[in-house]
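What follows is the content of data02.csv, which has CSV, C-alpha atoms:
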chain,number,residue,atom,x,y,z
A,202,MET,CA,222.0,91.9,8.0
A,203,LYS,CA,219.8,88.9,9.0
A,204,ILE,CA,216.8,91.3,9.2
A,205,PHE,CA,217.6,92.4,5.6
A,206,ILE,CA,217.7,88.8,4.4
A,207,PHE,CA,214.4,88.2,6.1
A,208,PHE,CA,213.0,91.3,4.3
A,209,SER,CA,214.4,90.0,1.0
A,210,ILE,CA,212.9,86.5,1.3
A,211,THR,CA,209.5,87.7,2.4
A,212,LEU,CA,209.2,90.2,-0.4
A,213,THR,CA,210.6,87.8,-2.9
A,214,TYR,CA,207.5,85.6,-1.3
A,215,VAL,CA,191.4,79.4,-16.1
A,216,PHE,CA,192.2,80.9,-18.7
A,217,PHE,CA,192.5,78.7,-21.9
A,218,GLY,CA,192.6,80.0,-25.4
A,219,ASN,CA,190.4,78.5,-28.0
A,220,GLY,CA,192.9,77.4,-30.5
A,221,SER,CA,192.4,74.8,-33.3
A,222,ASN,CA,194.4,73.0,-35.9
A,223,ALA,CA,193.1,75.4,-38.5
A,224,ASN,CA,194.2,78.4,-36.5
A,225,PRO,CA,197.1,77.4,-34.4
A,226,LEU,CA,198.3,79.6,-31.6
A,227,PRO,CA,201.5,81.6,-32.2
A,228,TYR,CA,203.1,79.9,-29.3
A,229,GLU,CA,202.0,76.4,-28.2
A,230,ALA,CA,204.0,76.5,-25.0
A,231,ILE,CA,205.9,79.0,-22.7
A,232,PHE,CA,208.8,78.0,-20.5
A,233,ASN,CA,209.8,80.7,-17.9
A,234,PHE,CA,212.9,81.2,-15.8
A,235,GLY,CA,213.4,83.9,-13.2
A,236,ASP,CA,212.7,85.2,-9.7
A,237,SER,CA,209.7,86.6,-7.8
A,238,ILE,CA,208.7,88.8,-10.7
A,239,SER,CA,207.4,85.7,-12.4
A,240,ASP,CA,207.3,82.9,-9.8
A,241,THR,CA,203.7,81.4,-9.8
A,242,GLY,CA,204.2,79.0,-7.0
A,243,ASN,CA,207.6,77.4,-6.7
A,244,ALA,CA,208.8,79.3,-3.6
A,245,ASP,CA,205.3,79.0,-2.2
A,246,LYS,CA,205.8,75.2,-2.3
A,247,THR,CA,208.9,75.3,-0.1
A,248,HIS,CA,207.8,78.0,2.4
A,249,PRO,CA,205.0,78.2,5.0
A,250,PRO,CA,201.9,79.2,3.1
A,251,PHE,CA,200.4,82.7,3.4
A,252,PRO,CA,197.4,82.8,5.7
A,253,SER,CA,194.1,82.7,3.7
A,254,ASN,CA,193.4,86.4,4.5
A,255,SER,CA,196.8,87.6,3.2
A,256,PRO,CA,196.6,90.6,0.8
A,257,TYR,CA,198.7,88.7,-1.7
A,258,GLY,CA,196.5,87.5,-4.6
A,259,SER,CA,193.5,89.5,-3.3
A,260,THR,CA,192.8,91.5,-6.4
A,261,TYR,CA,192.3,88.8,-9.0
A,262,PHE,CA,192.5,85.4,-7.3
A,263,LYS,CA,190.8,86.5,-4.1
A,264,HIS,CA,193.3,84.4,-2.1
A,265,PRO,CA,197.1,83.8,-2.1
A,266,ALA,CA,198.1,82.2,-5.3
A,267,GLY,CA,201.8,81.7,-5.1
A,268,ARG,CA,202.5,85.2,-6.5
A,269,LEU,CA,204.1,88.1,-4.8
A,270,SER,CA,201.6,90.7,-5.9
A,271,ASP,CA,198.0,91.5,-5.3
A,272,GLY,CA,197.1,89.6,-8.5
A,273,ARG,CA,198.5,88.5,-11.9
A,274,LEU,CA,202.1,88.9,-13.0
A,275,ILE,CA,203.6,89.9,-16.4
A,276,ILE,CA,203.9,86.2,-17.3
A,277,ASP,CA,200.2,85.6,-16.5
A,278,PHE,CA,199.2,88.4,-18.9
A,279,ILE,CA,201.5,87.1,-21.6
A,280,ALA,CA,200.1,83.6,-21.3
A,281,GLU,CA,196.5,85.0,-21.5
A,282,ALA,CA,197.4,87.0,-24.6
A,283,TYR,CA,198.6,83.9,-26.4
A,284,GLY,CA,195.6,81.7,-25.4
A,285,LEU,CA,197.6,79.6,-23.0
A,286,PRO,CA,196.8,78.7,-19.4
A,287,PHE,CA,198.6,80.2,-16.4
A,288,LEU,CA,202.0,78.4,-16.3
A,289,PRO,CA,202.1,75.7,-13.6
A,290,ALA,CA,205.0,76.0,-11.2
A,291,TYR,CA,207.5,73.2,-11.6
A,292,LEU,CA,207.5,72.2,-8.0
A,293,ASN,CA,203.7,71.9,-8.0
A,294,LEU,CA,203.5,69.5,-10.9
A,295,THR,CA,201.6,66.3,-10.4
A,296,LYS,CA,202.6,62.9,-11.9
A,297,ASP,CA,200.3,62.9,-14.8
A,298,GLN,CA,199.9,66.7,-15.3
A,299,ASP,CA,199.9,67.9,-18.9
A,300,ILE,CA,203.0,70.1,-19.4
A,301,LYS,CA,202.8,70.5,-23.1
A,302,LYS,CA,201.6,74.1,-22.8
A,303,GLY,CA,204.6,75.2,-20.7
A,304,VAL,CA,206.1,75.2,-17.2
A,305,ASN,CA,207.3,77.9,-14.9
A,306,PHE,CA,210.7,77.4,-13.2
A,307,ALA,CA,211.0,80.8,-11.7
A,308,PHE,CA,211.7,80.9,-7.9
A,309,ALA,CA,211.2,83.9,-5.7
A,310,GLY,CA,214.5,85.1,-4.3
A,311,ALA,CA,216.5,83.5,-7.1
A,312,THR,CA,219.7,85.0,-8.4
A,313,ALA,CA,221.5,85.0,-11.8
A,314,LEU,CA,224.7,84.1,-10.0
A,315,ASP,CA,225.1,80.7,-8.3
A,316,PHE,CA,224.9,80.4,-4.5
A,317,GLU,CA,228.7,79.8,-4.3
A,318,TYR,CA,229.4,83.2,-5.7
A,319,PHE,CA,228.0,84.9,-2.7
A,320,ILE,CA,229.8,82.7,-0.3
A,321,LYS,CA,233.2,83.1,-2.1
A,322,ASN,CA,232.8,86.9,-2.1
A,323,GLY,CA,231.8,87.2,1.6
A,324,VAL,CA,228.3,88.4,0.9
A,325,ASP,CA,225.4,87.1,2.9
A,326,LYS,CA,223.8,84.2,1.2
A,327,PRO,CA,220.7,84.8,-1.0
A,328,ALA,CA,217.3,83.9,0.3
A,329,THR,CA,217.4,80.8,-1.9
A,330,ASP,CA,219.9,78.6,-3.8
A,331,LYS,CA,217.5,78.1,-6.7
A,332,SER,CA,219.6,80.2,-9.0
A,333,LEU,CA,219.2,80.4,-12.8
A,334,SER,CA,221.5,77.3,-13.3
A,335,ILE,CA,219.4,75.3,-10.9
A,336,GLN,CA,216.3,76.2,-12.8
A,337,LEU,CA,217.9,75.1,-16.1
A,338,GLY,CA,218.6,71.8,-14.4
A,339,TRP,CA,214.9,71.4,-13.6
A,340,PHE,CA,214.1,72.0,-17.3
A,341,LYS,CA,216.6,69.3,-18.4
A,342,THR,CA,215.0,66.9,-15.8
A,343,ILE,CA,211.5,67.5,-17.2
A,344,LYS,CA,212.5,67.6,-20.9
A,345,PRO,CA,212.1,63.9,-21.5
A,346,SER,CA,208.5,64.2,-20.4
A,347,ILE,CA,207.9,66.8,-23.0
A,348,CYS,CA,209.6,65.2,-26.0
A,349,LYS,CA,211.5,62.0,-26.6
A,350,SER,CA,213.7,62.4,-29.6
A,351,LYS,CA,215.8,65.3,-31.0
A,352,GLU,CA,213.5,65.5,-33.9
A,353,GLU,CA,210.4,65.7,-31.7
A,354,CYS,CA,212.0,68.2,-29.4
A,355,ASP,CA,213.1,70.4,-32.3
A,356,GLY,CA,209.6,70.4,-33.7
A,357,PHE,CA,208.0,71.2,-30.3
A,358,PHE,CA,210.4,73.9,-29.2
A,359,LYS,CA,210.2,75.6,-32.6
A,360,LYS,CA,206.6,76.5,-31.5
A,361,SER,CA,207.6,77.5,-27.9
A,362,LEU,CA,208.6,80.7,-26.3
A,363,PHE,CA,211.4,80.7,-23.7
A,364,LEU,CA,211.6,83.6,-21.2
A,365,VAL,CA,214.9,84.0,-19.4
A,366,GLY,CA,214.3,86.4,-16.6
A,367,GLU,CA,213.9,89.0,-15.3
A,368,ILE,CA,216.6,87.8,-13.1
A,369,GLY,CA,219.5,89.7,-11.4
A,370,GLY,CA,217.5,92.0,-9.2
A,371,ASN,CA,218.2,89.9,-6.1
A,372,ASP,CA,221.9,89.8,-6.9
A,373,ILE,CA,221.9,93.6,-6.8
A,374,ILE,CA,219.8,93.8,-3.7
A,375,ALA,CA,222.1,91.4,-1.8
A,376,HIS,CA,225.0,93.7,-2.4
A,377,LEU,CA,223.4,97.0,-1.5
A,378,SER,CA,224.7,96.9,2.0
A,379,TYR,CA,228.2,96.1,0.8
A,380,ARG,CA,228.8,98.4,-2.1
A,381,ASN,CA,227.9,101.9,-3.2
A,382,VAL,CA,226.2,102.3,-6.5
A,383,THR,CA,229.5,102.7,-8.3
A,384,GLY,CA,230.8,99.4,-6.8
A,385,LEU,CA,227.7,97.6,-8.0
A,386,ARG,CA,229.1,97.8,-11.6
A,387,GLU,CA,231.6,95.0,-10.6
A,388,LEU,CA,228.6,92.7,-10.5
A,389,VAL,CA,227.5,93.3,-14.1
A,390,PRO,CA,230.0,91.1,-16.0
A,391,PRO,CA,229.4,87.9,-14.0
A,392,MET,CA,225.6,88.5,-14.0
A,393,VAL,CA,225.5,89.1,-17.8
A,394,GLU,CA,227.7,86.0,-18.3
A,395,ALA,CA,225.4,83.8,-16.2
A,396,ILE,CA,222.3,85.0,-18.3
A,397,THR,CA,224.3,84.5,-21.5
A,398,ASN,CA,225.3,81.0,-20.5
A,399,ALA,CA,221.6,80.2,-19.8
A,400,ILE,CA,220.6,81.4,-23.2
A,401,ILE,CA,223.3,79.3,-24.8
A,402,THR,CA,222.2,76.2,-22.9
A,403,LEU,CA,218.6,76.7,-23.9
A,404,ILE,CA,219.6,77.1,-27.6
A,405,GLU,CA,221.6,73.9,-27.3
A,406,GLU,CA,218.5,72.2,-25.9
A,407,GLY,CA,216.4,73.3,-28.9
A,408,ALA,CA,215.0,76.8,-28.1
A,409,VAL,CA,214.7,79.0,-31.2
A,410,GLU,CA,212.6,81.9,-29.8
A,411,LEU,CA,213.7,83.5,-26.5
A,412,ALA,CA,212.9,86.7,-24.7
A,413,VAL,CA,215.4,88.2,-22.3
A,414,PRO,CA,214.2,91.0,-20.0
A,415,GLY,CA,216.4,93.7,-18.7
A,416,ASN,CA,215.9,95.1,-15.2
A,417,PHE,CA,213.5,97.6,-13.8
A,418,PRO,CA,214.3,101.2,-12.7
A,419,ILE,CA,215.1,100.1,-9.2
A,420,GLY,CA,215.6,103.8,-8.1
A,421,CYS,CA,211.8,104.1,-8.3
A,422,ILE,CA,211.1,101.0,-6.2
A,423,SER,CA,209.9,101.8,-2.7
A,424,GLY,CA,211.9,99.1,-1.0
A,425,VAL,CA,215.2,100.4,-2.6
A,426,LEU,CA,214.2,104.0,-1.8
A,427,THR,CA,213.7,102.9,1.9
A,428,LEU,CA,217.0,100.9,2.1
A,429,VAL,CA,219.1,103.7,0.5
A,430,ASN,CA,217.3,106.4,2.5
A,431,SER,CA,219.3,109.3,1.1
A,432,THR,CA,218.7,112.7,2.6
A,433,GLN,CA,220.3,114.5,-0.3
A,434,LYS,CA,217.7,116.2,-2.5
A,435,ASP,CA,220.1,116.1,-5.5
A,436,ASP,CA,220.0,112.2,-5.4
A,437,TYR,CA,216.5,112.2,-6.7
A,438,ASP,CA,215.0,113.0,-10.0
A,439,GLN,CA,211.8,115.0,-10.6
A,440,PHE,CA,209.7,111.9,-10.1
A,441,GLY,CA,211.2,111.0,-6.7
A,442,CYS,CA,213.4,108.2,-8.0
A,443,LEU,CA,217.1,107.7,-7.1
A,444,THR,CA,219.0,108.9,-10.2
A,445,SER,CA,222.2,107.0,-9.7
A,446,TYR,CA,220.5,103.7,-9.1
A,447,ASN,CA,218.5,104.1,-12.3
A,448,THR,CA,221.7,105.1,-14.1
A,449,PHE,CA,223.3,101.9,-12.9
A,450,ILE,CA,220.4,99.8,-14.3
A,451,GLU,CA,220.7,101.6,-17.6
A,452,TYR,CA,224.4,100.5,-17.6
A,453,TYR,CA,223.5,96.9,-16.7
A,454,ASN,CA,220.8,96.7,-19.3
A,455,GLY,CA,223.2,98.2,-21.9
A,456,GLN,CA,225.7,95.4,-21.2
A,457,LEU,CA,223.0,92.8,-21.4
A,458,LYS,CA,221.8,94.1,-24.8
A,459,GLN,CA,225.4,94.0,-26.1
A,460,ALA,CA,225.7,90.3,-25.0
A,461,ILE,CA,222.3,89.5,-26.7
A,462,GLU,CA,223.5,91.1,-29.9
A,463,THR,CA,226.7,89.0,-29.9
A,464,LEU,CA,224.5,85.9,-29.4
A,465,ARG,CA,222.3,86.9,-32.3
A,466,GLN,CA,225.3,87.1,-34.6
A,467,LYS,CA,226.5,83.7,-33.4
A,468,HIS,CA,223.1,82.1,-33.7
A,469,PRO,CA,221.3,83.7,-36.6
A,470,GLN,CA,218.8,80.9,-36.8
A,471,VAL,CA,217.5,81.9,-33.3
A,472,LYS,CA,215.2,84.8,-32.5
A,473,ILE,CA,216.4,86.5,-29.3
A,474,MET,CA,214.1,89.3,-28.1
A,475,TYR,CA,215.0,92.0,-25.6
A,476,PHE,CA,212.2,93.0,-23.1
A,477,ASP,CA,212.8,96.6,-22.1
A,478,TYR,CA,211.4,96.4,-18.6
A,479,TYR,CA,213.3,99.6,-17.7
A,480,ASN,CA,211.5,102.0,-20.0
A,481,ASP,CA,208.3,100.0,-19.9
A,482,ALA,CA,208.0,100.5,-16.2
A,483,LYS,CA,209.6,104.0,-16.0
A,484,ARG,CA,206.9,105.6,-18.1
A,485,LEU,CA,204.4,104.6,-15.5
A,486,PHE,CA,206.2,106.7,-12.9
A,487,GLN,CA,206.7,109.6,-15.3
A,488,THR,CA,203.1,109.9,-16.4
A,489,PRO,CA,201.1,107.7,-14.0
A,490,GLN,CA,197.7,109.4,-14.7
A,491,GLN,CA,198.0,108.4,-18.4
A,492,TYR,CA,197.8,104.7,-17.3
A,493,GLY,CA,195.1,105.0,-14.7
A,494,PHE,CA,197.3,105.6,-11.7
A,495,THR,CA,197.2,108.4,-9.2
A,496,SER,CA,198.8,111.6,-10.2
A,497,ASP,CA,200.0,112.3,-6.6
A,498,LYS,CA,203.8,112.2,-6.9
A,499,ASN,CA,204.2,111.2,-3.2
A,500,GLU,CA,201.7,108.4,-3.3
A,501,ILE,CA,202.9,106.9,-6.6
A,502,ILE,CA,206.3,105.8,-5.2
A,503,LYS,CA,204.8,104.4,-1.9
A,504,ALA,CA,204.1,100.7,-1.4
A,505,CYS,CA,200.4,99.9,-1.3
A,506,CYS,CA,200.9,97.2,1.3
A,507,GLY,CA,203.2,98.0,4.2
A,508,ALA,CA,203.6,99.4,7.6
A,509,SER,CA,205.0,102.9,7.9
A,510,GLY,CA,207.7,105.3,6.8
A,511,THR,CA,208.1,107.7,3.9
A,512,TYR,CA,207.5,104.9,1.4
A,513,ASN,CA,205.2,102.8,3.6
A,514,VAL,CA,208.0,100.2,3.8
A,515,ASN,CA,209.4,98.8,7.0
A,516,VAL,CA,212.1,96.1,6.7
A,517,TYR,CA,211.0,94.7,10.0
A,518,ILE,CA,207.3,94.5,9.2
A,519,PRO,CA,206.7,93.0,5.7
A,520,CYS,CA,203.4,93.2,3.8
A,521,GLY,CA,200.8,90.9,5.4
A,522,SER,CA,202.0,91.2,8.9
A,523,PRO,CA,199.3,92.1,11.5
A,524,SER,CA,200.3,95.7,11.8
A,525,THR,CA,200.5,96.4,8.0
A,526,THR,CA,197.8,98.1,6.0
A,527,VAL,CA,196.7,97.9,2.3
A,528,CYS,CA,195.9,101.0,0.3
A,529,PRO,CA,192.2,101.5,-0.6
A,530,ASP,CA,192.7,100.8,-4.4
A,531,PRO,CA,195.8,98.9,-5.5
A,532,SER,CA,194.9,99.6,-9.1
A,533,LYS,CA,195.8,103.2,-8.6
A,534,VAL,CA,199.4,102.6,-7.5
A,535,ILE,CA,202.5,101.0,-9.0
A,536,ASN,CA,204.4,99.6,-6.0
A,537,TRP,CA,202.8,96.7,-4.2
A,538,ASP,CA,205.0,95.7,-1.2
A,539,GLY,CA,208.3,97.4,-1.5
A,540,ALA,CA,209.9,94.9,-3.9
A,541,HIS,CA,207.1,94.1,-6.4
A,542,PHE,CA,204.6,95.9,-8.4
A,543,THR,CA,200.8,95.7,-8.4
A,544,GLU,CA,198.7,93.7,-10.9
A,545,ALA,CA,197.7,97.0,-12.5
A,546,ALA,CA,201.4,97.9,-13.1
A,547,TYR,CA,202.2,94.4,-14.4
A,548,LYS,CA,199.3,94.6,-16.8
A,549,GLN,CA,200.6,97.8,-18.3
A,550,ILE,CA,204.1,96.4,-18.6
A,551,ALA,CA,202.8,93.3,-20.3
A,552,LYS,CA,200.8,95.4,-22.7
A,553,GLY,CA,204.0,97.3,-23.5
A,554,LEU,CA,205.6,94.1,-24.4
A,555,VAL,CA,202.9,92.2,-26.2
A,556,GLU,CA,201.4,95.1,-28.0
A,557,GLY,CA,204.7,97.1,-28.3
A,558,PRO,CA,206.9,99.1,-28.3
A,559,PHE,CA,209.1,97.7,-25.5
A,560,VAL,CA,210.4,94.5,-27.1
A,561,ASN,CA,212.9,94.2,-29.9
A,562,PRO,CA,212.3,92.4,-32.2
A,563,SER,CA,208.6,92.0,-31.8
A,564,LEU,CA,206.8,89.0,-30.4
A,565,GLU,CA,204.4,87.1,-32.6
A,566,SER,CA,201.0,88.8,-32.9
A,567,PRO,CA,198.8,87.8,-30.0
A,568,PRO,CA,195.3,86.3,-30.7
A,569,PHE,CA,193.9,88.1,-27.6
A,570,LYS,CA,194.1,91.6,-26.3
A,571,ILE,CA,195.2,92.3,-22.7
A,572,ALA,CA,192.2,93.8,-21.1
Full structure transcribed into structure tokens:
Amino acid sequence: MKIFIFFSITLTYVFFGNGSNANPLPYEAIFNFGDSISDTGNADKTHPPFPSNSPYGSTYFKHPAGRLSDGRLIIDFIAEAYGLPFLPAYLNLTKDQDIKKGVNFAFAGATALDFEYFIKNGVDKPATDKSLSIQLGWFKTIKPSICKSKEECDGFFKKSLFLVGEIGGNDIIAHLSYRNVTGLRELVPPMVEAITNAIITLIEEGAVELAVPGNFPIGCISGVLTLVNSTQKDDYDQFGCLTSYNTFIEYYNGQLKQAIETLRQKHPQVKIMYFDYYNDAKRLFQTPQQYGFTSDKNEIIKACCGASGTYNVNVYIPCGSPSTTVCPDPSKVINWDGAHFTEAAYKQIAKGLVEGPFVNPSLESPPFKIA
């Protein structure tokens, strides 16, 4: 199990818009909470740095940039679309740094559930204790540097976007070795409750516009395909994805959407958007060529960066290790390292959110196109 935790922790390892007072930006700041899907440098601050020749960050930044992909993440594309700079990671902030355009609290390996939950339930501890509640604590710590009075905070946060997740993927991964896919459903109520409580906390702190992503079709992710390693043909759909694991995510997302709807009724003054990561990403696996990816059904579910095996994933040899290879063109594939997607995939997912139709209700109209 220690090998699995190592695998989890490793895989879970400018642009400024030209706004003016006459034409204010739709969002003046973005505050993000989550895990490695949106971490832009927090985990990188607390772990040994990637070597300079690491494939992480190679597509866009040309060097490791605190992101677990070959380039930009969904949160980066969203910031660009709204004329905002890439969000600085909370742990990288300097004393006099301007944080009025937003901060990123996401931490690779983070869970929706607190560290104690895993200890209490006899599950191996997550890769980090920087759970969603810890990230909320960071936000509260930094809030006095953003605004001083309730009136000032209410005015500022009225023009801010809060992203709560994606988070919960690491909670699920941590239990894969302990529960079958049916047993995973027991995780859903406490996970949804943790995310719901985070939303309530942010509303109490002054947030009036929040986006809450569901989870991805994990049955199509090369790392999960490798870990499950089913030899039963009937376990897979026509696209090579694990049907039961995607069905589980549909169930989880359904419960999360119900909780969001309840919050909307209790807080009608607040706009709570649901980001449909599941269908936004699943379409890429179903018709990859339509979005510029390879049409080869075997290649599309393989990791670009990896070592060996059916899905180019080896839990003992994570992406970036000396014996791993990187595919010739990451822009042609969806899976990056077994746990994360490529910049090209994140770009398409971000477009599906910012330009529709995978968000409900819609975001404000962006001043810039995602190109």
**Message:** Which residues are near A:Ile419? Cut-off 8 Å, all atoms listed in the file, ignore same chain within fewer than 4 positions. Put them as a list in words.
**Reply:**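 In the requested form, the answer reads Val425, Tyr446, Asn447 and Ile450 of chain A.
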**Asked** Pick the closest to A:Pro531 from A:Ala504, A:Ala375, A:Leu457, A:Ala572: which is it, counting only C-alpha atoms?
**Response** A:Ala504
**Asked** Quick one, how far is atom CA of A:Gly510 from atom CA of A:Val429?
**Response** 13.1 Å
**Residue nearest A:Ile461 among A:Leu564, A:Leu428, A:Ala399, A:Ala508 (counting only C-alpha atoms)** =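 With only C-alpha atoms as the atom set, the closest residue is A:Ala399.
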**Closest of A:Tyr453, A:Lys344, A:Asp271, A:Arg380 to A:Phe358 - atom-to-atom distances counting only C-alpha atoms** =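 Among A:Tyr453, A:Lys344, A:Asp271, A:Arg380, it is A:Lys344 that comes nearest to A:Phe358.
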**Asked** Contacts of A:Leu377 at 12 Å or less, counting all atoms listed in the file, minus same-chain residues fewer than 6 places along, as a ChimeraX atom specification?
**Response** /A:202,205-206,209,324-325,370-371,383-386,388,419,424-430,446
Kindly provide the residues of stretch 469-551 of chain A that approach stretch 274-281 of chain A to within 10 Å, each paired with its closest atom pair and their distance in Å to one decimal, based on only C-alpha atoms, listed by chain and increasing number, as CSV.
residue,atom,partner,partner_atom,distance
A:His541,CA,A:Leu274,CA,9.8
A:Phe542,CA,A:Leu274,CA,8.7
A:Thr543,CA,A:Leu274,CA,8.3
A:Glu544,CA,A:Leu274,CA,6.2
A:Ala545,CA,A:Leu274,CA,9.2
A:Ala546,CA,A:Ile275,CA,8.9
A:Tyr547,CA,A:Ile275,CA,5.1
A:Lys548,CA,A:Ile275,CA,6.4
A:Gln549,CA,A:Ile275,CA,8.7
A:Ile550,CA,A:Ile275,CA,6.9
A:Ala551,CA,A:Ile275,CA,5.2
Restrict the selected residues to C-alpha atoms and save them as a CSV table (one decimal), in the coordinates of the input.
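Written file, selection.csv:
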chain,number,residue,atom,x,y,z
A,541,HIS,CA,207.1,94.1,-6.4
A,542,PHE,CA,204.6,95.9,-8.4
A,543,THR,CA,200.8,95.7,-8.4
A,544,GLU,CA,198.7,93.7,-10.9
A,545,ALA,CA,197.7,97.0,-12.5
A,546,ALA,CA,201.4,97.9,-13.1
A,547,TYR,CA,202.2,94.4,-14.4
A,548,LYS,CA,199.3,94.6,-16.8
A,549,GLN,CA,200.6,97.8,-18.3
A,550,ILE,CA,204.1,96.4,-18.6
A,551,ALA,CA,202.8,93.3,-20.3
**Item:** Which residue of A:Glu387, A:Asp355, A:Asp236, A:Glu229 approaches A:Ile300 most closely, using all atoms listed in the file
**Value:**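 Looking at the shortest contact to A:Ile300, the residue is A:Glu229.
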**Message:** Using only C-alpha atoms - which residues lie no farther than 12 Å from the point (207.3, 65.9, -18.8) in the file's frame? Write them as number ranges by chain.
**Reply:** A: 291, 294-304, 339-349, 354
**Asked** Which polymer residues, protein or nucleic acid, are no farther than 12 Å from (216.2, 86.1, -25.7), counting only C-alpha atoms, as a PyMOL selection string?
**Response** chain A and resi 233-234+362-367+396-404+408-415+457-458+460-465+468+471-477+560-564
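You will find atom CA of A:Asn293 at 25.1 Å from atom CA of A:Trp537.
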**Request:** In Å, rounded to a single decimal, give me how far atom CA of A:Phe287 is from atom CA of A:Phe316.
**Result:**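 Straight-line distance from atom CA of A:Phe316 to atom CA of A:Phe287 works out to 28.9 Å.
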**Asked** If you count all atoms listed in the file, which residues fall within 6 Å of stretch 518-520 of chain A, apart from same-chain ones fewer than 2 positions away, as a VMD selection string?
**Response** chain A and resid 506 to 507 515 to 516 522 538
**Prompt:** Between A:Phe232, A:Phe262, A:Tyr283, A:Phe319, which is the closest to A:Phe569 once you count all atoms listed in the file?
**Reply:** A:Tyr283
**Asked** Skipping near chain neighbours, those fewer than 5 positions away, what residues fall within 10 Å of A:Gln439 using all atoms listed in the file, listed as a PyMOL selection string?
**Response** chain A and resi 444+487+498
**Request:** Please provide as number ranges by chain all residues within 10 Å of A:Leu314, with the sequence filter that same-chain residues fewer than 3 positions apart are discarded (counting all atoms listed in the file).
**Result:** A: 311, 317-319, 327, 330-334, 368-369, 371-372, 388, 391-396
Missing atoms in stretch 263-274 of chain A should be modelled up to N, CA, C and O atoms and reported as a PDB file, in the frame of the given file.
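File produced: part_34.pdb:
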ATOM      1  N   LYS A 263     191.592  86.403  -5.312  1.00  0.00           N
ATOM      2  CA  LYS A 263     190.800  86.500  -4.100  1.00  0.00           C
ATOM      3  C   LYS A 263     191.404  85.666  -2.936  1.00  0.00           C
ATOM      4  O   LYS A 263     190.763  85.458  -1.912  1.00  0.00           O
ATOM      5  N   HIS A 264     192.612  85.191  -3.131  1.00  0.00           N
ATOM      6  CA  HIS A 264     193.300  84.400  -2.100  1.00  0.00           C
ATOM      7  C   HIS A 264     194.785  84.321  -2.549  1.00  0.00           C
ATOM      8  O   HIS A 264     195.091  84.537  -3.722  1.00  0.00           O
ATOM      9  N   PRO A 265     195.703  84.000  -1.643  1.00  0.00           N
ATOM     10  CA  PRO A 265     197.100  83.800  -2.100  1.00  0.00           C
ATOM     11  C   PRO A 265     197.223  82.774  -3.152  1.00  0.00           C
ATOM     12  O   PRO A 265     196.603  81.708  -3.065  1.00  0.00           O
ATOM     13  N   ALA A 266     198.000  83.089  -4.185  1.00  0.00           N
ATOM     14  CA  ALA A 266     198.100  82.200  -5.300  1.00  0.00           C
ATOM     15  C   ALA A 266     199.527  81.950  -5.766  1.00  0.00           C
ATOM     16  O   ALA A 266     199.798  81.753  -6.954  1.00  0.00           O
ATOM     17  N   GLY A 267     200.450  81.980  -4.798  1.00  0.00           N
ATOM     18  CA  GLY A 267     201.800  81.700  -5.100  1.00  0.00           C
ATOM     19  C   GLY A 267     202.570  82.839  -5.784  1.00  0.00           C
ATOM     20  O   GLY A 267     203.716  82.693  -6.208  1.00  0.00           O
ATOM     21  N   ARG A 268     201.927  84.006  -5.870  1.00  0.00           N
ATOM     22  CA  ARG A 268     202.500  85.200  -6.500  1.00  0.00           C
ATOM     23  C   ARG A 268     202.734  86.288  -5.554  1.00  0.00           C
ATOM     24  O   ARG A 268     201.869  86.544  -4.708  1.00  0.00           O
ATOM     25  N   LEU A 269     203.838  86.996  -5.705  1.00  0.00           N
ATOM     26  CA  LEU A 269     204.100  88.100  -4.800  1.00  0.00           C
ATOM     27  C   LEU A 269     203.638  89.408  -5.373  1.00  0.00           C
ATOM     28  O   LEU A 269     204.400  90.289  -5.766  1.00  0.00           O
ATOM     29  N   SER A 270     202.336  89.488  -5.435  1.00  0.00           N
ATOM     30  CA  SER A 270     201.600  90.700  -5.900  1.00  0.00           C
ATOM     31  C   SER A 270     200.196  90.555  -5.413  1.00  0.00           C
ATOM     32  O   SER A 270     199.816  89.534  -4.829  1.00  0.00           O
ATOM     33  N   ASP A 271     199.391  91.563  -5.700  1.00  0.00           N
ATOM     34  CA  ASP A 271     198.000  91.500  -5.300  1.00  0.00           C
ATOM     35  C   ASP A 271     197.183  90.669  -6.360  1.00  0.00           C
ATOM     36  O   ASP A 271     196.013  90.364  -6.137  1.00  0.00           O
ATOM     37  N   GLY A 272     197.819  90.334  -7.487  1.00  0.00           N
ATOM     38  CA  GLY A 272     197.100  89.600  -8.500  1.00  0.00           C
ATOM     39  C   GLY A 272     198.048  88.973  -9.529  1.00  0.00           C
ATOM     40  O   GLY A 272     199.068  88.392  -9.169  1.00  0.00           O
ATOM     41  N   ARG A 273     197.702  89.126 -10.801  1.00  0.00           N
ATOM     42  CA  ARG A 273     198.500  88.500 -11.900  1.00  0.00           C
ATOM     43  C   ARG A 273     199.808  89.212 -12.105  1.00  0.00           C
ATOM     44  O   ARG A 273     199.961  90.382 -11.816  1.00  0.00           O
ATOM     45  N   LEU A 274     200.731  88.428 -12.674  1.00  0.00           N
ATOM     46  CA  LEU A 274     202.100  88.900 -13.000  1.00  0.00           C
ATOM     47  C   LEU A 274     202.196  89.112 -14.495  1.00  0.00           C
ATOM     48  O   LEU A 274     201.313  88.730 -15.272  1.00  0.00           O
TER      49      LEU A 274
END
